[in-house]
Structures are given as structure tokens and as C-alpha cells.
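Coordinates from protein.pdb are shown below (PDB, C-alpha atoms, pLDDT in the B column).
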```pdb
ATOM      1  CA  MET J 145       0.000   0.000   0.000  1.00 52.00           C
ATOM      2  CA  SER J 146       1.392   3.337  -0.978  1.00 60.00           C
ATOM      3  CA  ARG J 147       1.642   6.256   1.319  1.00 66.00           C
ATOM      4  CA  ARG J 148      -0.512   9.262   0.606  1.00 69.00           C
ATOM      5  CA  ARG J 149       1.251  12.397  -0.234  1.00 72.00           C
ATOM      6  CA  LYS J 150       0.172  15.600   1.366  1.00 78.00           C
ATOM      7  CA  LEU J 151      -0.910  18.232  -1.090  1.00 78.00           C
ATOM      8  CA  SER J 152       0.175  21.796  -0.824  1.00 86.00           C
ATOM      9  CA  GLU J 153      -2.397  24.596  -0.835  1.00 87.00           C
ATOM     10  CA  GLU J 154      -1.514  25.371  -4.499  1.00 88.00           C
ATOM     11  CA  ASP J 155      -2.074  21.719  -5.499  1.00 86.00           C
ATOM     12  CA  LYS J 156      -5.452  21.708  -3.703  1.00 86.00           C
ATOM     13  CA  GLN J 157      -6.646  24.778  -5.596  1.00 88.00           C
ATOM     14  CA  LEU J 158      -5.570  23.234  -8.913  1.00 86.00           C
ATOM     15  CA  TRP J 159      -7.400  20.008  -8.073  1.00 83.00           C
ATOM     16  CA  ARG J 160     -10.625  21.913  -7.271  1.00 86.00           C
ATOM     17  CA  ARG J 161     -10.521  23.702 -10.654  1.00 85.00           C
ATOM     18  CA  VAL J 162     -10.048  20.435 -12.488  1.00 83.00           C
ATOM     19  CA  ALA J 163     -12.774  18.662 -10.496  1.00 82.00           C
ATOM     20  CA  ASP J 164     -15.261  21.475 -11.181  1.00 83.00           C
ATOM     21  CA  THR J 165     -14.824  21.094 -14.980  1.00 82.00           C
ATOM     22  CA  THR J 166     -15.157  17.302 -15.165  1.00 77.00           C
ATOM     23  CA  GLU J 167     -18.302  15.281 -15.857  1.00 74.00           C
ATOM     24  CA  ARG J 168     -19.097  11.804 -14.646  1.00 71.00           C
ATOM     25  CA  LEU J 169     -18.983   9.000 -17.153  1.00 71.00           C
ATOM     26  CA  GLY J 170     -22.243   7.223 -17.677  1.00 65.00           C
ATOM     27  CA  GLY J 171     -24.624  10.150 -17.149  1.00 62.00           C
ATOM     28  CA  PRO J 172     -25.898  11.916 -14.074  1.00 61.00           C
ATOM     29  CA  THR J 173     -25.261  10.625 -10.581  1.00 60.00           C
ATOM     30  CA  PRO J 174     -27.707   7.820  -9.788  1.00 57.00           C
ATOM     31  CA  LYS J 175     -29.997   8.353  -6.829  1.00 59.00           C
ATOM     32  CA  LEU J 176     -29.524   6.003  -3.963  1.00 55.00           C
ATOM     33  CA  ALA J 177     -32.565   3.922  -3.086  1.00 58.00           C
ATOM     34  CA  LEU J 178     -33.614   4.396   0.494  1.00 58.00           C
ATOM     35  CA  PRO J 179     -35.075   1.482   2.397  1.00 62.00           C
ATOM     36  CA  ALA J 180     -38.867   1.605   2.821  1.00 62.00           C
ATOM     37  CA  PRO J 181     -40.047   2.597   6.311  1.00 61.00           C
ATOM     38  CA  LYS J 182     -41.262  -0.237   8.496  1.00 64.00           C
ATOM     39  CA  PRO J 183     -45.036  -0.205   8.883  1.00 62.00           C
ATOM     40  CA  THR J 184     -46.295   0.512  12.391  1.00 59.00           C
ATOM     41  CA  SER J 185     -49.018  -1.533  13.949  1.00 62.00           C
ATOM     42  CA  LYS J 186     -51.473   1.363  14.386  1.00 66.00           C
ATOM     43  CA  VAL J 187     -51.532   4.789  12.944  1.00 62.00           C
ATOM     44  CA  ILE J 188     -52.822   7.192  15.597  1.00 67.00           C
ATOM     45  CA  PRO J 189     -54.098  10.414  14.126  1.00 67.00           C
ATOM     46  CA  ASP J 190     -53.175  13.646  15.852  1.00 68.00           C
ATOM     47  CA  PRO J 191     -55.962  14.623  18.220  1.00 73.00           C
ATOM     48  CA  LYS J 192     -57.786  17.795  17.318  1.00 78.00           C
ATOM     49  CA  PRO J 193     -56.692  20.557  19.635  1.00 79.00           C
ATOM     50  CA  ALA J 194     -59.400  21.785  22.013  1.00 80.00           C
ATOM     51  CA  PRO J 195     -60.736  25.201  21.155  1.00 82.00           C
ATOM     52  CA  PRO J 196     -59.343  27.937  23.405  1.00 82.00           C
ATOM     53  CA  PRO J 197     -61.636  28.965  26.280  1.00 84.00           C
ATOM     54  CA  ALA J 198     -63.893  31.890  25.564  1.00 84.00           C
ATOM     55  CA  ILE J 199     -62.621  35.149  26.998  1.00 83.00           C
ATOM     56  CA  LYS J 200     -65.171  36.888  29.152  1.00 82.00           C
ATOM     57  CA  GLN J 201     -65.831  40.465  28.294  1.00 83.00           C
ATOM     58  CA  PHE J 202     -64.058  42.774  30.722  1.00 79.00           C
ATOM     59  CA  VAL J 203     -65.667  45.980  31.878  1.00 82.00           C
ATOM     60  CA  VAL J 204     -63.440  48.516  33.600  1.00 84.00           C
ATOM     61  CA  GLY J 205     -64.473  48.908  37.228  1.00 77.00           C
ATOM     62  CA  SER J 206     -66.710  45.824  37.319  1.00 77.00           C
ATOM     63  CA  ARG J 207     -64.730  44.272  40.199  1.00 76.00           C
ATOM     64  CA  SER J 208     -64.053  47.423  42.156  1.00 76.00           C
ATOM     65  CA  ARG J 209     -65.745  48.092  45.461  1.00 75.00           C
ATOM     66  CA  ALA J 210     -68.262  50.840  45.958  1.00 69.00           C
ATOM     67  CA  HIS J 211     -66.552  54.168  46.552  1.00 62.00           C
ATOM     68  CA  GLN J 212     -66.859  55.634  50.027  1.00 59.00           C
ATOM     69  CA  THR J 213     -67.720  59.288  49.936  1.00 59.00           C
ATOM     70  CA  THR J 214     -66.704  59.953  53.530  1.00 59.00           C
ATOM     71  CA  LEU J 215     -63.814  58.703  55.577  1.00 56.00           C
ATOM     72  CA  ASP J 216     -64.240  57.714  59.200  1.00 53.00           C
ATOM     73  CA  LEU J 217     -61.085  56.815  61.050  1.00 58.00           C
ATOM     74  CA  ALA J 218     -62.806  55.511  64.180  1.00 63.00           C
ATOM     75  CA  PRO J 219     -66.234  54.200  65.169  1.00 66.00           C
ATOM     76  CA  THR J 220     -68.878  56.719  66.167  1.00 70.00           C
ATOM     77  CA  ILE J 221     -69.213  57.731  69.803  1.00 71.00           C
ATOM     78  CA  ALA J 222     -72.577  55.934  70.004  1.00 70.00           C
ATOM     79  CA  ASN J 223     -71.021  52.687  68.705  1.00 72.00           C
ATOM     80  CA  SER J 224     -68.033  53.017  71.008  1.00 76.00           C
ATOM     81  CA  LEU J 225     -70.252  53.552  74.068  1.00 75.00           C
ATOM     82  CA  ALA J 226     -72.602  50.720  73.038  1.00 72.00           C
ATOM     83  CA  GLN J 227     -69.668  48.274  72.937  1.00 75.00           C
ATOM     84  CA  GLN J 228     -68.758  48.965  76.572  1.00 78.00           C
ATOM     85  CA  ASN J 229     -69.506  46.274  79.128  1.00 80.00           C
ATOM     86  CA  LEU J 230     -72.655  47.013  81.094  1.00 83.00           C
ATOM     87  CA  GLN J 231     -71.597  47.851  84.675  1.00 81.00           C
ATOM     88  CA  MET J 232     -74.923  49.018  86.110  1.00 84.00           C
ATOM     89  CA  ASP J 233     -78.231  47.239  86.658  1.00 84.00           C
ATOM     90  CA  LYS J 234     -79.709  46.181  83.296  1.00 86.00           C
ATOM     91  CA  LYS J 235     -83.255  47.281  84.209  1.00 90.00           C
ATOM     92  CA  LYS J 236     -82.071  50.668  85.415  1.00 88.00           C
ATOM     93  CA  PHE J 237     -79.909  51.062  82.284  1.00 87.00           C
ATOM     94  CA  GLY J 238     -82.996  50.431  80.114  1.00 88.00           C
ATOM     95  CA  LYS J 239     -84.841  53.221  81.941  1.00 89.00           C
ATOM     96  CA  LEU J 240     -81.787  55.439  81.543  1.00 86.00           C
ATOM     97  CA  LYS J 241     -81.672  54.889  77.754  1.00 86.00           C
ATOM     98  CA  ARG J 242     -85.401  55.667  77.463  1.00 88.00           C
ATOM     99  CA  GLY J 243     -84.943  58.942  79.379  1.00 87.00           C
ATOM    100  CA  LYS J 244     -87.075  57.782  82.337  1.00 88.00           C
ATOM    101  CA  LEU J 245     -84.414  58.584  84.968  1.00 89.00           C
ATOM    102  CA  LEU J 246     -83.926  62.242  85.847  1.00 90.00           C
ATOM    103  CA  PRO J 247     -80.344  63.500  86.247  1.00 93.00           C
ATOM    104  CA  GLU J 248     -79.551  64.792  89.748  1.00 93.00           C
ATOM    105  CA  GLY J 249     -77.036  67.315  88.454  1.00 93.00           C
ATOM    106  CA  ARG J 250     -75.852  68.821  85.208  1.00 93.00           C
ATOM    107  CA  ILE J 251     -72.891  70.690  83.756  1.00 94.00           C
ATOM    108  CA  ASP J 252     -72.779  72.574  80.460  1.00 93.00           C
ATOM    109  CA  LEU J 253     -69.338  72.690  78.815  1.00 92.00           C
ATOM    110  CA  HIS J 254     -70.384  74.887  75.864  1.00 86.00           C
ATOM    111  CA  GLY J 255     -67.890  77.639  75.055  1.00 84.00           C
ATOM    112  CA  LEU J 256     -65.004  76.144  77.028  1.00 89.00           C
ATOM    113  CA  ASN J 257     -61.685  75.099  75.508  1.00 89.00           C
ATOM    114  CA  LEU J 258     -60.274  71.624  76.212  1.00 89.00           C
ATOM    115  CA  GLN J 259     -58.229  72.657  79.244  1.00 91.00           C
ATOM    116  CA  GLN J 260     -61.088  74.569  80.863  1.00 92.00           C
ATOM    117  CA  ALA J 261     -63.591  71.805  80.071  1.00 92.00           C
ATOM    118  CA  HIS J 262     -61.360  69.080  81.525  1.00 93.00           C
ATOM    119  CA  GLY J 263     -60.898  70.989  84.779  1.00 93.00           C
ATOM    120  CA  ALA J 264     -64.615  71.826  85.081  1.00 94.00           C
ATOM    121  CA  LEU J 265     -65.655  68.215  84.343  1.00 94.00           C
ATOM    122  CA  THR J 266     -63.204  66.780  86.885  1.00 94.00           C
ATOM    123  CA  GLY J 267     -64.408  69.164  89.612  1.00 94.00           C
ATOM    124  CA  PHE J 268     -68.068  68.483  88.807  1.00 95.00           C
ATOM    125  CA  ILE J 269     -67.670  64.670  88.915  1.00 93.00           C
ATOM    126  CA  TYR J 270     -65.716  64.826  92.202  1.00 94.00           C
ATOM    127  CA  GLN J 271     -68.325  67.117  93.806  1.00 94.00           C
ATOM    128  CA  SER J 272     -71.280  65.035  92.527  1.00 94.00           C
ATOM    129  CA  HIS J 273     -69.687  61.827  93.822  1.00 94.00           C
ATOM    130  CA  THR J 274     -69.008  63.432  97.207  1.00 93.00           C
ATOM    131  CA  GLU J 275     -72.657  64.590  97.436  1.00 94.00           C
ATOM    132  CA  GLY J 276     -73.850  60.999  96.755  1.00 93.00           C
ATOM    133  CA  LYS J 277     -75.434  61.711  93.376  1.00 93.00           C
ATOM    134  CA  ARG J 278     -75.827  58.706  91.062  1.00 92.00           C
ATOM    135  CA  LEU J 279     -76.876  60.159  87.691  1.00 92.00           C
ATOM    136  CA  VAL J 280     -75.509  63.409  86.264  1.00 94.00           C
ATOM    137  CA  LEU J 281     -75.791  64.989  82.842  1.00 93.00           C
ATOM    138  CA  VAL J 282     -72.747  66.369  80.997  1.00 93.00           C
ATOM    139  CA  ILE J 283     -73.696  68.648  78.078  1.00 91.00           C
ATOM    140  CA  THR J 284     -71.002  68.982  75.397  1.00 91.00           C
ATOM    141  CA  GLY J 285     -73.001  70.111  72.379  1.00 86.00           C
ATOM    142  CA  LYS J 286     -72.916  68.405  68.988  1.00 81.00           C
ATOM    143  CA  GLY J 287     -70.096  70.524  67.602  1.00 75.00           C
ATOM    144  CA  LYS J 288     -69.912  72.793  64.599  1.00 69.00           C
ATOM    145  CA  VAL J 289     -69.494  71.456  61.092  1.00 63.00           C
ATOM    146  CA  LYS J 290     -66.256  72.794  59.672  1.00 63.00           C
ATOM    147  CA  ASP J 291     -64.126  71.606  56.803  1.00 61.00           C
ATOM    148  CA  ASP J 292     -60.633  73.006  56.567  1.00 64.00           C
ATOM    149  CA  GLY J 293     -60.117  71.308  53.177  1.00 65.00           C
ATOM    150  CA  GLY J 294     -57.084  69.350  54.361  1.00 68.00           C
ATOM    151  CA  PRO J 295     -56.294  65.760  53.406  1.00 70.00           C
ATOM    152  CA  ILE J 296     -56.923  64.454  56.942  1.00 68.00           C
ATOM    153  CA  PRO J 297     -60.576  64.429  57.988  1.00 62.00           C
ATOM    154  CA  THR J 298     -61.332  66.207  61.231  1.00 63.00           C
ATOM    155  CA  ARG J 299     -63.881  65.177  63.835  1.00 66.00           C
ATOM    156  CA  ILE J 300     -66.909  67.359  64.475  1.00 72.00           C
ATOM    157  CA  GLY J 301     -67.236  68.404  68.109  1.00 79.00           C
ATOM    158  CA  VAL J 302     -63.961  68.214  70.001  1.00 83.00           C
ATOM    159  CA  LEU J 303     -65.601  68.096  73.442  1.00 87.00           C
ATOM    160  CA  LYS J 304     -68.151  65.541  72.295  1.00 87.00           C
ATOM    161  CA  HIS J 305     -65.312  63.130  71.469  1.00 85.00           C
ATOM    162  CA  GLN J 306     -63.026  64.023  74.352  1.00 89.00           C
ATOM    163  CA  VAL J 307     -65.440  63.838  77.320  1.00 91.00           C
ATOM    164  CA  PRO J 308     -66.090  60.025  77.132  1.00 90.00           C
ATOM    165  CA  GLN J 309     -62.336  59.429  77.048  1.00 90.00           C
ATOM    166  CA  TRP J 310     -61.769  61.630  80.078  1.00 92.00           C
ATOM    167  CA  LEU J 311     -64.495  59.773  81.976  1.00 91.00           C
ATOM    168  CA  ARG J 312     -62.824  56.402  81.255  1.00 89.00           C
ATOM    169  CA  MET J 313     -59.355  57.544  82.349  1.00 90.00           C
ATOM    170  CA  ALA J 314     -57.899  58.214  85.789  1.00 89.00           C
ATOM    171  CA  PRO J 315     -58.772  59.983  88.042  1.00 90.00           C
ATOM    172  CA  LEU J 316     -62.465  59.961  86.974  1.00 90.00           C
ATOM    173  CA  ALA J 317     -62.674  56.266  86.027  1.00 89.00           C
ATOM    174  CA  SER J 318     -62.701  55.218  89.700  1.00 91.00           C
ATOM    175  CA  ARG J 319     -65.890  57.258  90.306  1.00 93.00           C
ATOM    176  CA  VAL J 320     -67.716  56.595  87.008  1.00 92.00           C
ATOM    177  CA  MET J 321     -69.660  53.359  86.512  1.00 91.00           C
ATOM    178  CA  GLN J 322     -71.342  53.897  83.122  1.00 90.00           C
ATOM    179  CA  VAL J 323     -71.360  56.510  80.345  1.00 91.00           C
ATOM    180  CA  SER J 324     -74.124  56.650  77.751  1.00 90.00           C
ATOM    181  CA  GLU J 325     -75.483  59.115  75.208  1.00 90.00           C
ATOM    182  CA  ALA J 326     -78.413  61.068  76.604  1.00 89.00           C
ATOM    183  CA  HIS J 327     -82.022  60.606  75.532  1.00 89.00           C
ATOM    184  CA  ILE J 328     -83.360  63.230  73.107  1.00 88.00           C
ATOM    185  CA  ARG J 329     -85.294  64.956  75.941  1.00 87.00           C
ATOM    186  CA  HIS J 330     -81.995  65.572  77.770  1.00 88.00           C
ATOM    187  CA  GLY J 331     -79.912  66.697  74.787  1.00 85.00           C
ATOM    188  CA  GLY J 332     -79.559  63.564  72.618  1.00 86.00           C
ATOM    189  CA  SER J 333     -76.148  63.119  71.022  1.00 83.00           C
ATOM    190  CA  GLY J 334     -74.987  66.475  72.409  1.00 87.00           C
ATOM    191  CA  ALA J 335     -75.015  65.240  76.031  1.00 90.00           C
ATOM    192  CA  TYR J 336     -73.984  62.231  78.129  1.00 92.00           C
ATOM    193  CA  TYR J 337     -75.501  60.441  81.075  1.00 92.00           C
ATOM    194  CA  VAL J 338     -72.794  59.659  83.616  1.00 93.00           C
ATOM    195  CA  TYR J 339     -73.820  57.058  86.196  1.00 92.00           C
ATOM    196  CA  LEU J 340     -71.578  57.326  89.261  1.00 93.00           C
ATOM    197  CA  ARG J 341     -70.427  54.634  91.693  1.00 91.00           C
ATOM    198  CA  ARG J 342     -71.471  54.702  95.359  1.00 86.00           C
TER     199      ARG J 342
END
```
Give the structure from the file, written as C-alpha cells.
Amino acid sequence: MSRRRKLSEEDKQLWRRVADTTERLGGPTPKLALPAPKPTSKVIPDPKPAPPPAIKQFVVGSRSRAHQTTLDLAPTIANSLAQQNLQMDKKKFGKLKRGKLLPEGRIDLHGLNLQQAHGALTGFIYQSHTEGKRLVLVITGKGKVKDDGGPIPTRIGVLKHQVPQWLRMAPLASRVMQVSEAHIRHGGSGAYYVYLRR
């Protein structure tokens, strides 16, 4: 067997030019016969793809919640007082809510600022408790409607919201048994019944 000789780059180019100009003897290049594919036992047709699910029509805002026109950061005073545990006699409390019990004393905090009102309320509760009174009426007024146009909503009636808190905190909490909104004949939502301990 003879050894193959390595061709130089010049010899390779010459060989390509010669090969490109030659024709095969005996006609065109015969096609090679490919073996026939083996038959499969079953021909499974492609399943028809399922139609895509129907897209529901979307309406902008259909899933949004109803818009609140007013913002309330805390429950109302009436709701807050109603959620308190009942400390006094249930029958007597029912009479109180219906306005059947008459207050033994009253104080009107109209026109006072917070500091003045807090001092006056504290003195009044102490004096009423010392005198043995059980039911007193604290009038705060309903408050004036004012809107300063700011981004934070403001409560109407500063005293109306502050008085129940003062009555639940020391030093008044030890003398106060129950606080409730007054019946309409005694001032309604602009006044509070304060039922004192013995």
C-alpha cells in the first residue's frame, strides 16, 4: 500500500478547478434507493386541539368596590359607648336609655376650651360623687361642622369626642360606673348620662 502524499495549498486549488470542470462518465449521478419505512401496527391520528376557552368580556371597574364618599377613622361615639360592658343594673340602664331617669345634676361645657372643660368636668364629677349623686348629665353640644379642606378628615365636636375618654381615664374612672349618650329629651347626642359609683 502506498503512502498518501500531502498536497500543498496550491495543489489543492488546482485540483478543485479540475474537479469542477469534469463530468461523470455514464450520465448523471444515480440516486440512492432508500429502504422503505417499516409499517407501524397502528396509525394514531393527531388529536384535534381543544378550542381555546372563551374570553369573558371585561368591563373597567366591574370588580371594584363601591366608593366611600366619607372617611371615618374611628367608630362613632354611640357605637363606642354601646360596645362597653354594662356595669350598672340592666333594668335601670334600660330606663336610663329611654330617658325615664332624671339626672340629679348637670354641667354645660359649651364655650369652654379643652383645658377649661377638663378641669370643670373633673371638679363636677368629684363634687357630685361626694354629694352621693348617682346620675348626672354632661352637656357637650354636637359641635360645629367645619371643613378646613385638608387631606386628613377632622372630627366634628372636640368636646363631644373628648369627654367620654376623660371619663374612662384616671382619676375619673374610679368614680364613674357607666357613660351613655343622653335621651333626646336631655340633649340627645350632644349630652352624656354619667352614672356614678357609690
Give as a list in words each residue that has an atom at most 10 Å from (-71.4, 70.3, 73.7) in the file, counting all atoms listed in the file.
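Answer for this query, in the requested form: Asp252, Leu253, His254, Gly255, Leu256, Val282, Ile283, Thr284, Gly285, Lys286, Gly287, Lys288, Gly301, Val302, Leu303, Lys304, His305, Val307, Gly331, Ser333, Gly334, Ala335 and Tyr336 of chain J.
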Smallest atom-to-atom distance to Tyr337 (chain J): which of J:Gly263, J:Pro195, J:Gly205, J:Gly249, using only C-alpha atoms?
J:Gly249
Just how far from CA of Arg278 (chain J) is CA of Lys241 (chain J), in Å to one decimal?
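Between CA of Lys241 (chain J) and CA of Arg278 (chain J) the gap works out to 15.0 Å.
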Counting all atoms listed in the file, the option among J:Met232, J:Leu265, J:Ala198, J:Val338 closest to Leu281 (chain J)
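Closest candidate: J:Val338.
Proximity ranking of J:Pro196, J:Pro247, J:Pro191, J:Pro315 relative to Val280 (chain J) places J:Pro247 first, based on all atoms listed in the file.
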Could you complete region 236-254 of chain J so that it carries N, CA and C atoms, and give it back as a PDB file, in the frame of the given file?
```
ATOM      1  N   LYS J 236     -82.268  49.229  85.212  1.00 88.00           N
ATOM      2  CA  LYS J 236     -82.071  50.668  85.415  1.00 88.00           C
ATOM      3  C   LYS J 236     -81.444  51.298  84.168  1.00 88.00           C
ATOM      4  N   PHE J 237     -80.543  50.553  83.507  1.00 87.00           N
ATOM      5  CA  PHE J 237     -79.909  51.062  82.284  1.00 87.00           C
ATOM      6  C   PHE J 237     -80.953  51.229  81.175  1.00 87.00           C
ATOM      7  N   GLY J 238     -81.911  50.303  81.092  1.00 88.00           N
ATOM      8  CA  GLY J 238     -82.996  50.431  80.114  1.00 88.00           C
ATOM      9  C   GLY J 238     -83.811  51.689  80.343  1.00 88.00           C
ATOM     10  N   LYS J 239     -84.114  51.983  81.612  1.00 89.00           N
ATOM     11  CA  LYS J 239     -84.841  53.221  81.941  1.00 89.00           C
ATOM     12  C   LYS J 239     -83.999  54.446  81.581  1.00 89.00           C
ATOM     13  N   LEU J 240     -82.705  54.334  81.846  1.00 86.00           N
ATOM     14  CA  LEU J 240     -81.787  55.439  81.543  1.00 86.00           C
ATOM     15  C   LEU J 240     -81.804  55.744  80.044  1.00 86.00           C
ATOM     16  N   LYS J 241     -81.711  54.701  79.214  1.00 86.00           N
ATOM     17  CA  LYS J 241     -81.672  54.889  77.754  1.00 86.00           C
ATOM     18  C   LYS J 241     -82.982  55.463  77.225  1.00 86.00           C
ATOM     19  N   ARG J 242     -84.094  55.151  77.898  1.00 88.00           N
ATOM     20  CA  ARG J 242     -85.401  55.667  77.463  1.00 88.00           C
ATOM     21  C   ARG J 242     -85.678  57.065  78.021  1.00 88.00           C
ATOM     22  N   GLY J 243     -84.776  57.597  78.821  1.00 87.00           N
ATOM     23  CA  GLY J 243     -84.943  58.942  79.379  1.00 87.00           C
ATOM     24  C   GLY J 243     -85.892  58.980  80.554  1.00 87.00           C
ATOM     25  N   LYS J 244     -86.136  57.852  81.213  1.00 88.00           N
ATOM     26  CA  LYS J 244     -87.075  57.782  82.337  1.00 88.00           C
ATOM     27  C   LYS J 244     -86.428  58.197  83.658  1.00 88.00           C
ATOM     28  N   LEU J 245     -85.101  58.153  83.749  1.00 89.00           N
ATOM     29  CA  LEU J 245     -84.414  58.584  84.968  1.00 89.00           C
ATOM     30  C   LEU J 245     -84.032  60.055  84.827  1.00 89.00           C
ATOM     31  N   LEU J 246     -84.271  60.823  85.882  1.00 90.00           N
ATOM     32  CA  LEU J 246     -83.926  62.242  85.847  1.00 90.00           C
ATOM     33  C   LEU J 246     -82.536  62.456  86.432  1.00 90.00           C
ATOM     34  N   PRO J 247     -81.681  63.211  85.715  1.00 93.00           N
ATOM     35  CA  PRO J 247     -80.344  63.500  86.247  1.00 93.00           C
ATOM     36  C   PRO J 247     -80.435  64.341  87.521  1.00 93.00           C
ATOM     37  N   GLU J 248     -79.576  64.064  88.473  1.00 93.00           N
ATOM     38  CA  GLU J 248     -79.551  64.792  89.748  1.00 93.00           C
ATOM     39  C   GLU J 248     -78.662  66.029  89.680  1.00 93.00           C
ATOM     40  N   GLY J 249     -77.893  66.151  88.633  1.00 93.00           N
ATOM     41  CA  GLY J 249     -77.036  67.315  88.454  1.00 93.00           C
ATOM     42  C   GLY J 249     -76.655  67.426  86.981  1.00 93.00           C
ATOM     43  N   ARG J 250     -76.251  68.622  86.607  1.00 93.00           N
ATOM     44  CA  ARG J 250     -75.852  68.821  85.208  1.00 93.00           C
ATOM     45  C   ARG J 250     -74.751  69.851  85.116  1.00 93.00           C
ATOM     46  N   ILE J 251     -73.931  69.708  84.051  1.00 94.00           N
ATOM     47  CA  ILE J 251     -72.891  70.690  83.756  1.00 94.00           C
ATOM     48  C   ILE J 251     -72.907  70.936  82.257  1.00 94.00           C
ATOM     49  N   ASP J 252     -72.787  72.194  81.876  1.00 93.00           N
ATOM     50  CA  ASP J 252     -72.779  72.574  80.460  1.00 93.00           C
ATOM     51  C   ASP J 252     -71.369  73.053  80.112  1.00 93.00           C
ATOM     52  N   LEU J 253     -70.720  72.363  79.195  1.00 92.00           N
ATOM     53  CA  LEU J 253     -69.338  72.690  78.815  1.00 92.00           C
ATOM     54  C   LEU J 253     -69.250  73.538  77.546  1.00 92.00           C
ATOM     55  N   HIS J 254     -70.392  74.037  77.058  1.00 86.00           N
ATOM     56  CA  HIS J 254     -70.384  74.887  75.864  1.00 86.00           C
ATOM     57  C   HIS J 254     -69.461  76.088  76.060  1.00 86.00           C
TER      58      HIS J 254
END
```
